[in-house]
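S.K.: Here's a structure for you.
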Amino acid sequence: MKFLLPATLLIAALPSFAQDIAALTADTKKTVLPVVPKVVNAMQDAVASKGVAGAIPVCREQAPELIKEKRQETGWDIRRVSLKTRNAERGTPDLWEARQLADFNIRAANGEKIDSLEKSEIVTVDGKPVLRYMKALPVGDVCLNCHGPTDTLDAGLKNALTATYPHDQATGYVKGQIRGALTVKRPL
């Protein structure tokens, strides 16, 4: 009987907890997701003005800088991750992220639209509550320039990618696949 009261309190708190997650998720999305089109636009502009190989530094430096600015603004841990990393130092998913990416791939294979694939959950990290949020990022036209099928990349671009990313695994994609995800750890 001692366990009945705490369980009853927990069940009574669930609707409020769900509303909190929904509100936190909405706020997190509103705050963080605008960085995605900025990254895409920066890449499109760089490809148009400098060519595909000339855009590599933009992807390597400017895109992470845009995300870093958002991290500094919010105090949240924000990154882009992928199961096929280009920059393992920055883009290797942790266990939670790898599970979500695998789940996103399964959901996409079952017909869900990639633009709708996201996950939000409150977890405990180092004894403190943290909102984990993740949003799938699809391969778009500009992505294919450097992330497309290897046989479509010209030799000069391949050499530039190898020089910049010696352990690159991030090629072979086709338009509409999941390239990776934007991931957030928001302390509560």
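Here's how to read the names in the structure tokens: chain A, B, ... by the order shown, residue numbers from 1 in each chain, ligand numbers from 1 in the order shown.
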Name all residues at most 8 Å from region 26-36 of chain A (count only C-alpha atoms; drop same-chain ones fewer than 4 positions away) and give them as a PDB file with C-alpha atoms, in the first residue's frame.
M.R.:
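Produced file part_19.pdb, reproduced below:
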ATOM      1  CA  ALA A  22       5.164  19.991 -25.426  1.00  0.00           C
ATOM      2  CA  VAL A  40      21.518  25.741 -46.180  1.00  0.00           C
ATOM      3  CA  LEU A  66      26.190  29.532 -36.907  1.00  0.00           C
ATOM      4  CA  ILE A  67      25.391  26.666 -34.541  1.00  0.00           C
ATOM      5  CA  LYS A  70      23.066  29.686 -31.120  1.00  0.00           C
ATOM      6  CA  TYR A 133      15.438  17.237 -28.818  1.00  0.00           C
TER       7      TYR A 133
END
S.K.: Find the residues near Leu131 (chain A): any atom within 10 Å, counting only C-alpha atoms, skip ones fewer than 2 places away on the same chain, and give them as a list in words.
M.R.: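 Near neighbours after the sequence-gap exclusion: Ile21, Leu24, Thr25, Thr28, Trp76, Ser120, Glu121, Ile122, Val123, Thr124, Val125, Pro129, Tyr133, Met134, Val184, Lys185, Arg186, Pro187 and Leu188 of chain A.
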S.K.: Based on the selection just made, write N, CA, C and O atoms of those residues as a CSV table (one decimal), in the first residue's frame.
M.R.:
chain,number,residue,atom,x,y,z
A,21,ILE,N,6.6,19.1,-21.6
A,21,ILE,CA,7.4,18.6,-22.7
A,21,ILE,C,7.0,19.3,-24.0
A,21,ILE,O,7.8,19.7,-24.8
A,24,LEU,N,8.1,22.9,-23.8
A,24,LEU,CA,9.6,23.0,-24.0
A,24,LEU,C,10.0,22.7,-25.4
A,24,LEU,O,10.9,23.3,-26.0
A,25,THR,N,9.4,21.7,-26.0
A,25,THR,CA,9.7,21.3,-27.4
A,25,THR,C,9.4,22.4,-28.3
A,25,THR,O,10.2,22.8,-29.2
A,28,THR,N,11.9,25.1,-27.9
A,28,THR,CA,13.2,24.7,-28.4
A,28,THR,C,13.3,24.8,-29.9
A,28,THR,O,14.2,25.3,-30.5
A,76,TRP,N,22.6,26.1,-24.5
A,76,TRP,CA,22.3,24.7,-24.8
A,76,TRP,C,23.4,24.1,-25.6
A,76,TRP,O,24.1,24.7,-26.4
A,120,SER,N,11.6,14.2,-28.8
A,120,SER,CA,11.8,15.1,-27.7
A,120,SER,C,11.5,14.3,-26.5
A,120,SER,O,10.5,13.6,-26.4
A,121,GLU,N,12.4,14.4,-25.5
A,121,GLU,CA,12.3,13.6,-24.3
A,121,GLU,C,13.1,14.3,-23.1
A,121,GLU,O,14.1,14.9,-23.4
A,122,ILE,N,12.5,14.2,-21.9
A,122,ILE,CA,13.3,14.7,-20.8
A,122,ILE,C,14.0,13.5,-20.2
A,122,ILE,O,13.4,12.4,-19.9
A,123,VAL,N,15.3,13.7,-20.0
A,123,VAL,CA,16.2,12.6,-19.5
A,123,VAL,C,17.0,13.2,-18.3
A,123,VAL,O,17.0,14.4,-18.1
A,124,THR,N,17.6,12.3,-17.6
A,124,THR,CA,18.5,12.8,-16.5
A,124,THR,C,20.0,12.7,-17.0
A,124,THR,O,20.4,11.6,-17.4
A,125,VAL,N,20.7,13.7,-16.9
A,125,VAL,CA,22.1,13.8,-17.3
A,125,VAL,C,22.9,14.3,-16.0
A,125,VAL,O,22.6,15.4,-15.6
A,129,PRO,N,17.7,17.2,-14.8
A,129,PRO,CA,16.8,17.0,-16.0
A,129,PRO,C,17.3,17.8,-17.1
A,129,PRO,O,17.7,19.0,-17.0
A,133,TYR,N,16.3,17.0,-27.6
A,133,TYR,CA,15.4,17.2,-28.8
A,133,TYR,C,16.3,16.9,-30.0
A,133,TYR,O,17.5,17.3,-30.1
A,134,MET,N,15.7,16.3,-31.0
A,134,MET,CA,16.4,16.0,-32.2
A,134,MET,C,15.5,16.1,-33.4
A,134,MET,O,14.3,15.6,-33.3
A,184,VAL,N,19.8,18.8,-29.7
A,184,VAL,CA,19.8,19.8,-28.6
A,184,VAL,C,19.8,19.1,-27.3
A,184,VAL,O,18.9,18.2,-27.1
A,185,LYS,N,20.6,19.5,-26.4
A,185,LYS,CA,20.5,19.1,-24.9
A,185,LYS,C,20.3,20.4,-24.2
A,185,LYS,O,21.2,21.3,-24.1
A,186,ARG,N,19.1,20.6,-23.7
A,186,ARG,CA,18.7,21.8,-23.0
A,186,ARG,C,18.5,21.6,-21.5
A,186,ARG,O,17.5,20.9,-21.1
A,187,PRO,N,19.4,22.1,-20.7
A,187,PRO,CA,19.3,21.9,-19.2
A,187,PRO,C,18.0,22.5,-18.7
A,187,PRO,O,17.6,23.6,-19.2
A,188,LEU,N,17.3,21.9,-17.8
A,188,LEU,CA,16.1,22.4,-17.2
A,188,LEU,C,16.3,22.8,-15.8
A,188,LEU,O,17.2,22.5,-15.1
S.K.: Among region 33-182 of chain A, which ones does DSSP place in strand (DSSP E), written as a PyMOL selection string?
M.R.: chain A and resi 77-81+118-125+128-138+178-182
S.K.: Restricting the calculation to only C-alpha atoms, which member of A:Lys158, A:Ala98, A:Ala163, A:Val142 is positioned closest to Thr85 (chain A)?
M.R.: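 Residue with the minimum atom-to-atom distance to Thr85 (chain A): A:Ala98.
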S.K.: How many Å separate CA of Glu89 (chain A) from CA of Gln62 (chain A)?
M.R.: 16.1 Å
